[in-house]
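Reproduced below: work.tsv, with TSV, C-alpha atoms (C1' of nucleotides).
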chain	number	residue	atom	x	y	z
A	1470	MET	CA	-44.86	-28.12	-4.06
A	1471	LYS	CA	-42.05	-28.89	-1.66
A	1472	ILE	CA	-39.10	-26.56	-2.03
A	1473	VAL	CA	-35.53	-26.61	-0.74
A	1474	PHE	CA	-33.59	-23.35	-0.70
A	1475	ALA	CA	-29.82	-23.33	-0.88
A	1476	GLY	CA	-28.02	-20.05	-0.26
A	1477	THR	CA	-25.46	-18.47	2.00
A	1478	PRO	CA	-24.72	-14.72	2.05
A	1479	GLU	CA	-26.81	-11.64	2.67
A	1480	PHE	CA	-27.59	-11.49	-1.02
A	1481	ALA	CA	-29.72	-14.64	-0.76
A	1482	VAL	CA	-31.76	-13.53	2.24
A	1483	PRO	CA	-34.49	-11.51	0.47
A	1484	ALA	CA	-35.10	-14.34	-1.98
A	1485	LEU	CA	-35.38	-16.80	0.88
A	1486	ARG	CA	-37.86	-14.55	2.60
A	1487	ALA	CA	-39.90	-14.14	-0.58
A	1488	ILE	CA	-40.15	-17.88	-1.05
A	1489	TYR	CA	-41.19	-18.37	2.53
A	1490	GLU	CA	-43.86	-15.70	2.22
A	1491	THR	CA	-45.25	-17.29	-0.92
A	1492	TYR	CA	-45.04	-20.95	-0.05
A	1493	GLY	CA	-44.88	-21.05	3.74
A	1494	ASP	CA	-44.50	-24.65	4.85
A	1495	GLY	CA	-43.85	-25.63	1.25
A	1496	LEU	CA	-40.32	-24.48	2.01
A	1497	VAL	CA	-39.22	-27.65	3.71
A	1498	ALA	CA	-35.55	-26.94	4.31
A	1499	VAL	CA	-32.75	-24.43	3.87
A	1500	VAL	CA	-29.30	-25.64	2.89
A	1501	THR	CA	-26.40	-23.36	3.66
A	1502	GLN	CA	-22.65	-23.41	4.16
A	1503	PRO	CA	-21.31	-24.51	7.53
A	1504	ASP	CA	-20.55	-21.82	10.10
A	1505	LYS	CA	-17.12	-20.40	9.48
A	1506	PRO	CA	-14.63	-18.92	11.89
A	1507	GLN	CA	-14.40	-15.18	11.39
A	1508	GLY	CA	-12.25	-12.35	12.61
A	1509	ARG	CA	-9.15	-12.37	14.73
A	1510	LYS	CA	-10.55	-14.57	17.41
A	1511	GLY	CA	-11.93	-17.12	14.97
A	1512	ILE	CA	-15.46	-16.75	16.23
A	1513	LEU	CA	-17.73	-19.28	14.57
A	1514	THR	CA	-20.24	-17.22	12.65
A	1515	PRO	CA	-23.41	-18.54	11.05
A	1516	PRO	CA	-24.08	-17.35	7.49
A	1517	PRO	CA	-26.87	-14.76	7.09
A	1518	VAL	CA	-29.17	-17.23	5.38
A	1519	LYS	CA	-28.96	-19.55	8.36
A	1520	GLU	CA	-29.94	-16.81	10.76
A	1521	GLU	CA	-32.86	-15.82	8.58
A	1522	ALA	CA	-34.03	-19.43	8.24
A	1523	ILE	CA	-33.93	-19.91	11.98
A	1524	GLY	CA	-35.94	-16.74	12.38
A	1525	LEU	CA	-38.52	-18.10	9.96
A	1526	GLY	CA	-38.58	-21.46	11.67
A	1527	VAL	CA	-37.39	-23.38	8.62
A	1528	PRO	CA	-35.12	-26.40	9.22
A	1529	VAL	CA	-31.48	-25.70	8.35
A	1530	LEU	CA	-29.03	-28.17	6.82
A	1531	GLN	CA	-25.32	-27.42	6.64
A	1532	PHE	CA	-23.25	-29.77	4.54
A	1533	PRO	CA	-19.47	-29.55	4.41
A	1534	ARG	CA	-19.79	-31.13	0.96
A	1535	ILE	CA	-23.29	-31.39	-0.41
A	1536	ARG	CA	-22.24	-34.08	-2.86
A	1537	ASP	CA	-21.48	-36.34	0.09
A	1538	CYS	CA	-24.85	-35.76	1.64
A	1539	VAL	CA	-27.23	-36.94	-1.06
A	1540	PRO	CA	-29.14	-39.30	1.27
A	1541	GLU	CA	-30.00	-36.49	3.67
A	1542	LEU	CA	-31.27	-34.38	0.81
A	1543	ALA	CA	-33.20	-37.28	-0.68
A	1544	ALA	CA	-34.96	-37.80	2.63
A	1545	LEU	CA	-36.67	-34.45	2.19
A	1546	HIS	CA	-38.52	-35.73	-0.88
A	1547	ALA	CA	-38.69	-32.20	-2.22
A	1548	ASP	CA	-39.94	-31.34	-5.69
A	1549	LEU	CA	-37.42	-28.69	-6.51
A	1550	MET	CA	-34.51	-26.72	-5.19
A	1551	VAL	CA	-33.65	-23.06	-5.57
A	1552	THR	CA	-30.00	-22.09	-5.31
A	1553	CYS	CA	-28.82	-18.55	-4.74
A	1554	ALA	CA	-25.15	-17.92	-4.02
A	1555	TYR	CA	-24.94	-21.20	-2.18
A	1556	GLY	CA	-21.21	-21.55	-2.61
A	1557	GLN	CA	-20.86	-25.20	-3.53
A	1558	ILE	CA	-20.86	-26.94	-6.88
A	1559	LEU	CA	-23.66	-29.43	-7.29
A	1560	THR	CA	-23.29	-32.87	-8.82
A	1561	GLN	CA	-25.62	-34.73	-11.15
A	1562	GLU	CA	-26.68	-36.89	-8.24
A	1563	VAL	CA	-27.88	-33.83	-6.40
A	1564	LEU	CA	-29.63	-32.45	-9.45
A	1565	ASP	CA	-31.44	-35.76	-9.96
A	1566	LEU	CA	-33.03	-35.59	-6.54
A	1567	PHE	CA	-35.50	-32.95	-7.61
A	1568	PRO	CA	-38.21	-33.99	-10.10
A	1569	MET	CA	-39.04	-30.38	-10.96
A	1570	GLY	CA	-35.42	-29.41	-11.27
A	1571	VAL	CA	-32.88	-27.21	-9.57
A	1572	TRP	CA	-33.10	-23.51	-10.33
A	1573	ASN	CA	-30.45	-20.94	-9.79
A	1574	ILE	CA	-30.68	-17.23	-9.13
A	1575	HIS	CA	-27.66	-15.53	-10.64
A	1576	ALA	CA	-26.70	-11.87	-10.29
A	1577	SER	CA	-25.95	-11.07	-13.90
A	1578	LEU	CA	-27.56	-11.06	-17.29
A	1579	LEU	CA	-26.35	-14.41	-18.51
A	1580	PRO	CA	-24.42	-15.47	-20.41
A	1581	ALA	CA	-22.28	-12.55	-19.21
A	1582	TYR	CA	-20.51	-12.83	-15.88
A	1583	ARG	CA	-20.96	-16.47	-15.13
A	1584	GLY	CA	-19.31	-17.71	-11.99
A	1585	ALA	CA	-18.14	-15.84	-8.95
A	1586	ALA	CA	-18.48	-12.20	-8.02
A	1587	PRO	CA	-20.62	-11.09	-10.99
A	1588	ILE	CA	-21.69	-7.92	-9.22
A	1589	ALA	CA	-18.20	-6.70	-8.36
A	1590	ARG	CA	-16.95	-7.63	-11.83
A	1591	ALA	CA	-19.69	-5.70	-13.56
A	1592	ILE	CA	-18.87	-2.53	-11.65
A	1593	ILE	CA	-15.12	-2.93	-12.07
A	1594	ASP	CA	-15.58	-3.38	-15.79
A	1595	GLY	CA	-17.60	-0.17	-15.95
A	1596	GLU	CA	-20.76	-1.87	-17.17
A	1597	ASN	CA	-23.87	0.27	-17.04
A	1598	VAL	CA	-26.37	-2.51	-16.88
A	1599	THR	CA	-26.58	-5.88	-15.19
A	1600	GLY	CA	-29.41	-7.90	-13.72
A	1601	ILE	CA	-30.80	-11.10	-12.31
A	1602	THR	CA	-31.21	-14.30	-14.26
A	1603	ILE	CA	-33.14	-17.32	-13.09
A	1604	MET	CA	-32.00	-20.44	-14.85
A	1605	LYS	CA	-32.12	-24.18	-14.72
A	1606	THR	CA	-29.05	-25.52	-13.04
A	1607	GLU	CA	-26.93	-27.99	-14.93
A	1608	LEU	CA	-23.43	-29.24	-14.38
A	1609	GLY	CA	-21.72	-26.39	-16.22
A	1610	LEU	CA	-21.13	-23.31	-14.15
A	1611	ASP	CA	-24.12	-21.01	-14.72
A	1612	THR	CA	-24.63	-22.36	-18.24
A	1613	GLY	CA	-28.18	-23.70	-17.90
A	1614	ASP	CA	-31.19	-22.62	-19.90
A	1615	MET	CA	-32.75	-19.37	-18.76
A	1616	LEU	CA	-36.27	-19.03	-17.45
A	1617	LEU	CA	-36.44	-15.31	-16.95
A	1618	SER	CA	-34.25	-12.33	-16.32
A	1619	LYS	CA	-34.55	-8.67	-15.57
A	1620	SER	CA	-32.03	-5.88	-15.88
A	1621	VAL	CA	-30.89	-3.22	-13.46
A	1622	GLU	CA	-28.96	-0.08	-14.28
A	1623	ILE	CA	-25.54	0.54	-12.80
A	1624	SER	CA	-24.69	4.15	-12.18
A	1625	ASP	CA	-21.11	5.37	-12.25
A	1626	THR	CA	-21.35	6.12	-8.56
A	1627	ASP	CA	-22.58	2.68	-7.52
A	1628	THR	CA	-20.80	0.54	-4.97
A	1629	ALA	CA	-20.88	-3.23	-4.86
A	1630	ASP	CA	-22.80	-3.04	-1.61
A	1631	ALA	CA	-25.50	-0.81	-3.01
A	1632	LEU	CA	-25.85	-2.80	-6.21
A	1633	THR	CA	-25.92	-6.08	-4.32
A	1634	GLY	CA	-28.79	-4.74	-2.26
A	1635	ARG	CA	-30.80	-3.77	-5.31
A	1636	LEU	CA	-30.12	-7.03	-7.09
A	1637	ALA	CA	-31.08	-9.01	-4.00
A	1638	LEU	CA	-34.43	-7.24	-3.90
A	1639	LEU	CA	-34.93	-7.87	-7.60
A	1640	ALA	CA	-34.15	-11.54	-7.06
A	1641	ALA	CA	-36.76	-11.64	-4.33
A	1642	LYS	CA	-39.27	-10.12	-6.71
A	1643	LEU	CA	-38.55	-12.52	-9.55
A	1644	ILE	CA	-38.29	-15.82	-7.74
A	1645	PRO	CA	-41.97	-16.19	-6.77
A	1646	GLU	CA	-42.94	-15.49	-10.37
A	1647	ALA	CA	-40.43	-18.03	-11.59
A	1648	LEU	CA	-41.63	-20.66	-9.16
A	1649	GLY	CA	-45.21	-19.91	-10.17
A	1650	ARG	CA	-44.41	-20.67	-13.78
A	1651	ILE	CA	-42.48	-23.78	-12.90
A	1652	GLY	CA	-45.30	-24.99	-10.70
A	1653	SER	CA	-47.81	-24.54	-13.47
A	1654	GLY	CA	-45.56	-26.36	-15.89
A	1655	LYS	CA	-46.18	-23.67	-18.48
A	1656	TYR	CA	-42.88	-22.12	-19.28
A	1657	SER	CA	-40.26	-22.03	-21.96
A	1658	LEU	CA	-36.52	-21.83	-21.57
A	1659	ILE	CA	-34.03	-19.84	-23.55
A	1660	LYS	CA	-30.64	-21.27	-24.39
A	1661	GLN	CA	-27.64	-19.21	-23.44
A	1662	GLY	CA	-25.29	-17.88	-26.06
A	1663	GLU	CA	-21.56	-17.65	-25.82
A	1664	GLY	CA	-20.55	-16.31	-22.46
A	1665	PHE	CA	-17.63	-16.00	-20.14
A	1666	THR	CA	-16.93	-17.05	-16.62
A	1667	CYS	CA	-15.31	-14.86	-14.02
A	1668	LYS	CA	-13.29	-15.69	-11.00
A	1669	LYS	CA	-13.51	-14.58	-7.44
A	1670	VAL	CA	-12.35	-11.02	-6.81
A	1671	GLN	CA	-9.46	-10.42	-4.47
A	1672	ARG	CA	-8.32	-7.59	-2.28
A	1673	THR	CA	-6.42	-5.38	-4.67
A	1674	GLN	CA	-3.82	-2.68	-4.39
A	1675	VAL	CA	-4.91	0.25	-6.52
A	1676	ASP	CA	-2.82	0.94	-9.57
A	1677	PHE	CA	-2.99	4.70	-9.93
A	1678	SER	CA	-1.41	4.59	-13.35
A	1679	LYS	CA	-4.79	3.54	-14.68
A	1680	SER	CA	-7.40	6.12	-15.59
A	1681	ALA	CA	-9.49	7.84	-12.96
A	1682	ARG	CA	-12.52	6.06	-14.35
A	1683	GLU	CA	-10.94	2.66	-13.91
A	1684	VAL	CA	-9.63	3.43	-10.45
A	1685	SER	CA	-13.03	4.64	-9.33
A	1686	ALA	CA	-14.70	1.55	-10.76
A	1687	LEU	CA	-12.23	-0.73	-9.04
A	1688	VAL	CA	-12.68	0.92	-5.66
A	1689	ARG	CA	-16.46	0.95	-5.94
A	1690	GLY	CA	-16.60	-2.61	-7.20
A	1691	LEU	CA	-14.55	-3.98	-4.34
A	1692	SER	CA	-16.19	-1.86	-1.65
A	1693	SER	CA	-16.67	-2.99	1.07
A	1694	ALA	CA	-15.34	-6.51	0.50
A	1695	PRO	CA	-12.82	-7.76	-0.33
A	1696	GLY	CA	-11.62	-4.18	-0.62
A	1697	SER	CA	-9.03	-2.13	-2.44
A	1698	TRP	CA	-6.12	-0.36	-0.79
A	1699	GLY	CA	-3.09	1.77	-1.20
A	1700	SER	CA	-0.05	2.68	0.83
A	1701	VAL	CA	1.61	6.02	1.26
A	1702	GLY	CA	4.38	6.90	3.64
A	1703	GLY	CA	4.19	3.52	5.35
A	1704	LEU	CA	0.50	4.01	5.98
A	1705	ILE	CA	-1.93	1.37	4.74
A	1706	LEU	CA	-5.30	2.73	3.68
A	1707	ASN	CA	-8.31	0.72	2.63
A	1708	PHE	CA	-10.45	2.51	0.08
A	1709	PHE	CA	-14.21	2.37	0.23
A	1710	TYR	CA	-15.32	5.05	-2.19
A	1711	ALA	CA	-13.67	7.05	-4.92
A	1712	LEU	CA	-15.00	9.15	-7.77
A	1713	PRO	CA	-13.22	10.96	-10.58
A	1714	ALA	CA	-12.25	14.51	-9.62
A	1715	GLU	CA	-10.58	17.57	-11.06
A	1716	GLY	CA	-6.83	17.65	-11.36
A	1717	SER	CA	-3.88	15.86	-12.83
A	1718	GLY	CA	-0.36	14.92	-11.94
A	1719	ALA	CA	2.01	11.99	-11.68
A	1720	ALA	CA	0.18	8.71	-11.07
A	1721	GLY	CA	-0.40	8.27	-7.35
A	1722	GLU	CA	0.56	11.81	-6.45
A	1723	ILE	CA	-1.50	13.44	-3.72
A	1724	LEU	CA	-2.94	16.57	-5.28
A	1725	SER	CA	-4.86	17.69	-2.27
A	1726	ALA	CA	-5.04	16.53	1.31
A	1727	ASP	CA	-6.78	18.97	3.56
A	1728	PRO	CA	-10.02	18.76	5.50
A	1729	LYS	CA	-11.78	21.12	3.13
A	1730	THR	CA	-11.07	19.61	-0.23
A	1731	GLY	CA	-10.59	16.00	0.78
A	1732	LEU	CA	-8.09	13.50	-0.51
A	1733	VAL	CA	-7.46	13.83	-4.23
A	1734	VAL	CA	-4.97	11.54	-5.93
A	1735	ALA	CA	-3.71	11.80	-9.48
A	1736	CYS	CA	-4.22	8.86	-11.82
A	1737	GLY	CA	-2.62	7.96	-15.12
A	1738	GLU	CA	-5.45	9.94	-16.61
A	1739	GLY	CA	-7.36	12.42	-14.47
A	1740	ALA	CA	-7.63	12.16	-10.71
A	1741	VAL	CA	-9.85	10.63	-8.07
A	1742	ARG	CA	-11.23	11.90	-4.80
A	1743	ILE	CA	-11.03	9.10	-2.28
A	1744	SER	CA	-13.88	10.13	-0.06
A	1745	MET	CA	-14.32	7.08	2.16
A	1746	LEU	CA	-11.35	5.22	3.54
A	1747	GLN	CA	-10.08	3.25	6.48
A	1748	PRO	CA	-6.60	3.44	7.98
A	1749	ALA	CA	-5.15	0.20	9.33
A	1750	GLY	CA	-6.34	-0.05	12.89
A	1751	GLY	CA	-9.10	2.48	12.41
A	1752	LYS	CA	-12.67	2.56	11.26
A	1753	CYS	CA	-14.05	3.51	7.90
A	1754	MET	CA	-14.35	7.28	7.74
A	1755	ALA	CA	-14.75	10.21	5.38
A	1756	ASP	CA	-11.54	11.56	3.90
A	1757	THR	CA	-12.23	14.92	5.49
A	1758	ALA	CA	-12.46	13.35	8.94
A	1759	PHE	CA	-9.30	11.37	8.31
A	1760	LEU	CA	-7.40	14.47	7.28
A	1761	ASN	CA	-8.46	16.37	10.39
A	1762	GLY	CA	-6.17	14.19	12.41
A	1763	ARG	CA	-3.61	12.68	10.06
A	1764	LYS	CA	-1.56	14.96	7.95
A	1765	LEU	CA	-0.74	13.79	4.45
A	1766	GLN	CA	1.78	15.79	2.49
A	1767	LYS	CA	0.66	17.18	-0.83
A	1768	GLY	CA	2.92	15.93	-3.59
A	1769	VAL	CA	3.76	12.64	-1.89
A	1770	ARG	CA	2.94	9.63	-4.04
A	1771	PHE	CA	1.11	6.44	-3.29
A	1772	ASP	CA	3.18	3.32	-3.79
A	1773	GLN	CA	2.57	1.51	-7.03
A	1774	PRO	CA	1.70	-2.19	-6.84
A	1775	VAL	CA	4.69	-4.45	-7.34
A	1776	LEU	CA	3.94	-6.77	-10.21
B	1074	C	C1'	-1.35	-18.64	22.63
B	1075	G	C1'	-0.93	-16.41	14.29
B	1076	C	C1'	1.12	-10.82	13.41
B	1077	G	C1'	-0.12	-5.81	14.49
B	1078	G	C1'	-2.68	-0.82	15.51
B	1079	G	C1'	-5.93	1.66	18.82
B	1080	G	C1'	-9.65	3.68	23.04
B	1081	U	C1'	-8.19	11.73	25.12
B	1082	A	C1'	-14.74	17.20	23.47
B	1083	G	C1'	-19.84	15.54	18.34
B	1084	A	C1'	-15.71	13.61	14.39
B	1085	G	C1'	-10.45	12.72	13.32
B	1086	C	C1'	-5.88	13.07	15.99
B	1087	A	C1'	-1.45	15.05	19.21
B	1088	G	C1'	0.28	14.75	24.18
B	1089	C	C1'	2.66	9.30	27.09
B	1090	C	C1'	9.24	7.38	26.12
B	1091	A	C1'	12.20	11.68	30.16
B	1092	G	C1'	4.74	12.28	35.66
B	1093	G	C1'	3.38	18.86	37.24
B	1094	U	C1'	-2.51	24.35	33.97
B	1095	A	C1'	-6.39	19.35	28.73
B	1096	G	C1'	-4.10	20.62	23.24
B	1097	C	C1'	-4.66	20.59	17.42
B	1098	U	C1'	-7.78	20.25	12.96
B	1099	C	C1'	-12.87	19.93	11.76
B	1100	G	C1'	-17.79	20.47	13.28
B	1101	U	C1'	-21.14	23.23	16.46
B	1102	C	C1'	-23.09	27.98	18.80
B	1103	G	C1'	-22.71	33.50	18.95
B	1104	G	C1'	-20.64	37.94	16.66
B	1105	G	C1'	-17.94	40.58	12.61
B	1106	C	C1'	-16.42	41.30	7.38
B	1107	U	C1'	-17.87	40.17	2.09
B	1108	C	C1'	-21.92	40.80	-4.00
B	1109	A	C1'	-20.05	36.08	-2.73
B	1110	U	C1'	-17.38	31.43	-0.42
B	1111	A	C1'	-14.44	24.79	1.00
B	1112	A	C1'	-13.13	32.25	2.35
B	1113	C	C1'	-11.34	35.27	6.48
B	1114	C	C1'	-11.37	37.60	11.66
B	1115	C	C1'	-13.16	37.53	16.93
B	1116	G	C1'	-15.49	34.94	20.86
B	1117	G	C1'	-18.10	30.67	23.43
B	1118	A	C1'	-19.88	25.86	24.71
B	1119	G	C1'	-18.44	20.98	24.91
B	1120	G	C1'	-13.76	15.99	28.11
B	1121	U	C1'	-15.61	10.34	34.04
B	1122	C	C1'	-8.32	11.04	29.17
B	1123	G	C1'	-12.05	2.85	28.13
B	1124	C	C1'	-12.60	0.43	33.47
B	1125	A	C1'	-10.26	-0.96	38.12
B	1126	A	C1'	-6.35	-1.35	41.48
B	1127	G	C1'	-1.28	0.10	42.58
B	1128	U	C1'	3.27	3.56	42.86
B	1129	U	C1'	3.56	8.96	43.91
B	1130	C	C1'	2.96	15.08	47.25
B	1131	G	C1'	0.85	14.72	42.34
B	1132	A	C1'	-0.96	9.94	36.93
B	1133	A	C1'	-3.84	10.95	30.24
B	1134	U	C1'	1.54	9.87	31.17
B	1135	C	C1'	4.71	4.70	35.18
B	1136	U	C1'	3.07	-0.78	37.03
B	1137	U	C1'	-0.59	-4.72	37.05
B	1138	G	C1'	-5.31	-6.79	35.80
B	1139	C	C1'	-9.80	-6.39	32.88
B	1140	C	C1'	-13.25	-4.56	28.95
B	1141	C	C1'	-14.02	-2.83	24.03
B	1142	C	C1'	-12.79	-1.40	18.70
B	1143	C	C1'	-9.97	-2.25	14.34
B	1144	G	C1'	-6.02	-3.61	10.10
B	1145	C	C1'	-3.52	-8.00	8.21
B	1146	A	C1'	-3.37	-13.33	8.09
B	1147	A	C1'	-6.46	-17.70	8.18

In structure tokens, what does this structure look like?
Amino acid sequence: MKIVFAGTPEFAVPALRAIYETYGDGLVAVVTQPDKPQGRKGILTPPPVKEEAIGLGVPVLQFPRIRDCVPELAALHADLMVTCAYGQILTQEVLDLFPMGVWNIHASLLPAYRGAAPIARAIIDGENVTGITIMKTELGLDTGDMLLSKSVEISDTDTADALTGRLALLAAKLIPEALGRIGSGKYSLIKQGEGFTCKKVQRTQVDFSKSAREVSALVRGLSSAPGSWGSVGGLILNFFYALPAEGSGAAGEILSADPKTGLVVACGEGAVRISMLQPAGGKCMADTAFLNGRKLQKGVRFDQPVL
RNA sequence: CGCGGGGUAGAGCAGCCAGGUAGCUCGUCGGGCUCAUAACCCGGAGGUCGCAAGUUCGAAUCUUGCCCCCGCAA
């Protein structure tokens, strides 16, 4: 069975590795997004999947638009393709290249959270369970029939990073099993019910008028990318971790800001302790470390987002 | 040449503009007090002030060059 793997970010790396370990040379090529300029200096950075593929010695293909590169893909004469956070929409032409189909690894329990950023969305929404679904890819966005899925619990202290890591490992565990079934031809698919599609998440200014629970979920869901932030006294702070804490006050009011108790900010309902943050120009640090050097006045309020 | 912040003790910062004894908070180590502590009191250790050159009697501080880190934006 000749397999092509299409994926891009860190999330796809364990799955790629699992396929390589199971099928070895059966993994004939890895398709990934082109290197993108990153950072202030615009350094061209290869996506994680590319680096992993090179390490494994698997040929790498990077198409600016995969739909324009059907001949190159066809030349591989592969039997099937696995996609995992590849980052490009496939066309029917692409799908038709693979006799055994194109299969997608998606980080949610479909039909919930189709589309982009399912992991961040699940945390932000306060879900307590999500998972991995492996499904047949069709033209609709994550609407194909499901082969198998497995759930993972979300704790109310989870960050997107942590959850992404766990889901990536689960994906790596499931994909060999899925490919085994597909290879044997003995499998059945389940149709998806009514679902919804979510959009990409953006860097968001925290609205402290929401409840502590919601604020915490937002911060954890966007940590560490694309991030949530707030501004107080002309200072921009990126938030990495926040949990509900004791206290109450006007939304955005700093209830405590000393190195012992940490940074506690009042929300519309309850309060949150922002325990990991990053000042503009600085590194990510604990609130206690931050407060050792920068004094924040108790009672001062964080700016509310302008709508 | 996209805009901007920064590099001073293990951590986070002040000091720089108006050169002249290396400071603060936290941590750490030792001692004291307390039934107790995110408590308090006393004491100690710990620093090539990013690197190099220059100006000067004297540079963390002024000048020039270089290295590194980071926030936005893309």

Distance query Val1563 (chain A) at most 7 Å, all atoms listed in the file, self and fewer than 4 positions along chain excluded, as a ChimeraX atom specification: /A:1536,1539,1559

Distance table requested - chain B against chain A, cut-off 12 Å, all atoms listed in the file: one row per qualifying residue with the closest atom pair and its distance in Å to one decimal, ordered by chain and rising residue number, as JSON lines.
{"residue": "B:C1074", "atom": "C1'", "partner": "A:Lys1510", "partner_atom": "CA", "distance": 11.3}
{"residue": "B:G1075", "atom": "C1'", "partner": "A:Arg1509", "partner_atom": "CA", "distance": 9.2}
{"residue": "B:C1076", "atom": "C1'", "partner": "A:Arg1509", "partner_atom": "CA", "distance": 10.5}
{"residue": "B:G1077", "atom": "C1'", "partner": "A:Gly1750", "partner_atom": "CA", "distance": 8.6}
{"residue": "B:G1078", "atom": "C1'", "partner": "A:Gly1750", "partner_atom": "CA", "distance": 4.6}
{"residue": "B:G1079", "atom": "C1'", "partner": "A:Gly1750", "partner_atom": "CA", "distance": 6.2}
{"residue": "B:G1080", "atom": "C1'", "partner": "A:Gly1751", "partner_atom": "CA", "distance": 10.7}
{"residue": "B:A1084", "atom": "C1'", "partner": "A:Ala1758", "partner_atom": "CA", "distance": 6.4}
{"residue": "B:G1085", "atom": "C1'", "partner": "A:Gly1762", "partner_atom": "CA", "distance": 4.6}
{"residue": "B:C1086", "atom": "C1'", "partner": "A:Gly1762", "partner_atom": "CA", "distance": 3.8}
{"residue": "B:A1087", "atom": "C1'", "partner": "A:Gly1762", "partner_atom": "CA", "distance": 8.3}
{"residue": "B:C1097", "atom": "C1'", "partner": "A:Gly1762", "partner_atom": "CA", "distance": 8.3}
{"residue": "B:U1098", "atom": "C1'", "partner": "A:Asn1761", "partner_atom": "CA", "distance": 4.7}
{"residue": "B:C1099", "atom": "C1'", "partner": "A:Asn1761", "partner_atom": "CA", "distance": 5.8}
{"residue": "B:G1100", "atom": "C1'", "partner": "A:Ala1758", "partner_atom": "CA", "distance": 9.9}
{"residue": "B:A1111", "atom": "C1'", "partner": "A:Lys1729", "partner_atom": "CA", "distance": 5.0}
{"residue": "B:A1112", "atom": "C1'", "partner": "A:Lys1729", "partner_atom": "CA", "distance": 11.2}
{"residue": "B:C1142", "atom": "C1'", "partner": "A:Gly1751", "partner_atom": "CA", "distance": 8.3}
{"residue": "B:C1143", "atom": "C1'", "partner": "A:Gly1750", "partner_atom": "CA", "distance": 4.5}
{"residue": "B:G1144", "atom": "C1'", "partner": "A:Ala1749", "partner_atom": "CA", "distance": 4.0}
{"residue": "B:C1145", "atom": "C1'", "partner": "A:Ala1749", "partner_atom": "CA", "distance": 8.4}
{"residue": "B:A1146", "atom": "C1'", "partner": "A:Arg1509", "partner_atom": "CA", "distance": 8.9}
{"residue": "B:A1147", "atom": "C1'", "partner": "A:Gly1511", "partner_atom": "CA", "distance": 8.7}

Selection to disk with C-alpha atoms (C1' of nucleotides), as an mmCIF file, keeping the file's coordinate frame:
data_model
loop_
_atom_site.group_PDB
_atom_site.id
_atom_site.type_symbol
_atom_site.label_atom_id
_atom_site.label_comp_id
_atom_site.auth_asym_id
_atom_site.auth_seq_id
_atom_site.Cartn_x
_atom_site.Cartn_y
_atom_site.Cartn_z
ATOM 1 C "C1'" C B 1074 -1.350 -18.640 22.630
ATOM 2 C "C1'" G B 1075 -0.930 -16.410 14.290
ATOM 3 C "C1'" C B 1076 1.120 -10.820 13.410
ATOM 4 C "C1'" G B 1077 -0.120 -5.810 14.490
ATOM 5 C "C1'" G B 1078 -2.680 -0.820 15.510
ATOM 6 C "C1'" G B 1079 -5.930 1.660 18.820
ATOM 7 C "C1'" G B 1080 -9.650 3.680 23.040
ATOM 8 C "C1'" A B 1084 -15.710 13.610 14.390
ATOM 9 C "C1'" G B 1085 -10.450 12.720 13.320
ATOM 10 C "C1'" C B 1086 -5.880 13.070 15.990
ATOM 11 C "C1'" A B 1087 -1.450 15.050 19.210
ATOM 12 C "C1'" C B 1097 -4.660 20.590 17.420
ATOM 13 C "C1'" U B 1098 -7.780 20.250 12.960
ATOM 14 C "C1'" C B 1099 -12.870 19.930 11.760
ATOM 15 C "C1'" G B 1100 -17.790 20.470 13.280
ATOM 16 C "C1'" A B 1111 -14.440 24.790 1.000
ATOM 17 C "C1'" A B 1112 -13.130 32.250 2.350
ATOM 18 C "C1'" C B 1142 -12.790 -1.400 18.700
ATOM 19 C "C1'" C B 1143 -9.970 -2.250 14.340
ATOM 20 C "C1'" G B 1144 -6.020 -3.610 10.100
ATOM 21 C "C1'" C B 1145 -3.520 -8.000 8.210
ATOM 22 C "C1'" A B 1146 -3.370 -13.330 8.090
ATOM 23 C "C1'" A B 1147 -6.460 -17.700 8.180
#

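Considering the residues B:C1139, B:C1102, B:C1089, B:C1130 and counting all atoms listed in the file, A1118 (chain B) has its shortest atom-to-atom contact with B:C1102.
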
task: For region 1134-1136 of chain B, work out the shell of residues within 8 Å, counting all atoms listed in the file and skipping chain neighbours fewer than 3 positions away, then give it as a ChimeraX atom specification.
output: /B:1089,1092,1127-1128

message: Give me the residues near His1575 (chain A) as a VMD selection string, where near means some atom within 10 Å (using only C-alpha atoms (C1' of nucleotides)) and where sequence neighbours in that chain fewer than 4 positions away do not count.
response: chain A and resid 1552 to 1554 1579 1582 to 1585 1587 to 1588 1600 to 1604 1611 1618 1636 to 1637 1640

- prompt: Residues at most 10 Å from Gln1531 (chain A), counting only C-alpha atoms (C1' of nucleotides), excluding those fewer than 3 positions away in the same chain, as a ChimeraX atom specification?
  reply: /A:1475,1499-1504,1519,1534-1535,1538

message: So that I can see what lies close to Val1734 (chain A), please list as a ChimeraX atom specification the residues with an atom at most 9 Å from it, counting only C-alpha atoms (C1' of nucleotides) and leaving out residues fewer than 2 positions away in the same chain.
response: /A:1677,1714,1716-1718,1720-1726,1732,1736,1739-1743,1770-1771

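We find CA of Ala1586 (chain A) and CA of Met1615 (chain A) to be spaced 19.2 Å apart.
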
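Computed from the coordinates, the CA of Leu1765 (chain A) to CA of Trp1698 (chain A) distance equals 16.0 Å.
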
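Considering the residues A:Arg1486, A:Lys1505, A:Arg1590, A:Lys1767 and counting only C-alpha atoms, Ile1523 (chain A) has its shortest atom-to-atom contact with A:Arg1486.
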
field: Distance criterion (only C-alpha atoms): nearest to Leu1687 (chain A) out of A:Leu1608, A:Ala1481, A:Ala1647, A:Ile1592
entry: A:Ile1592

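Take CA of Gly1768 (chain A) and CA of Ser1678 (chain A): the distance between them is 15.6 Å.
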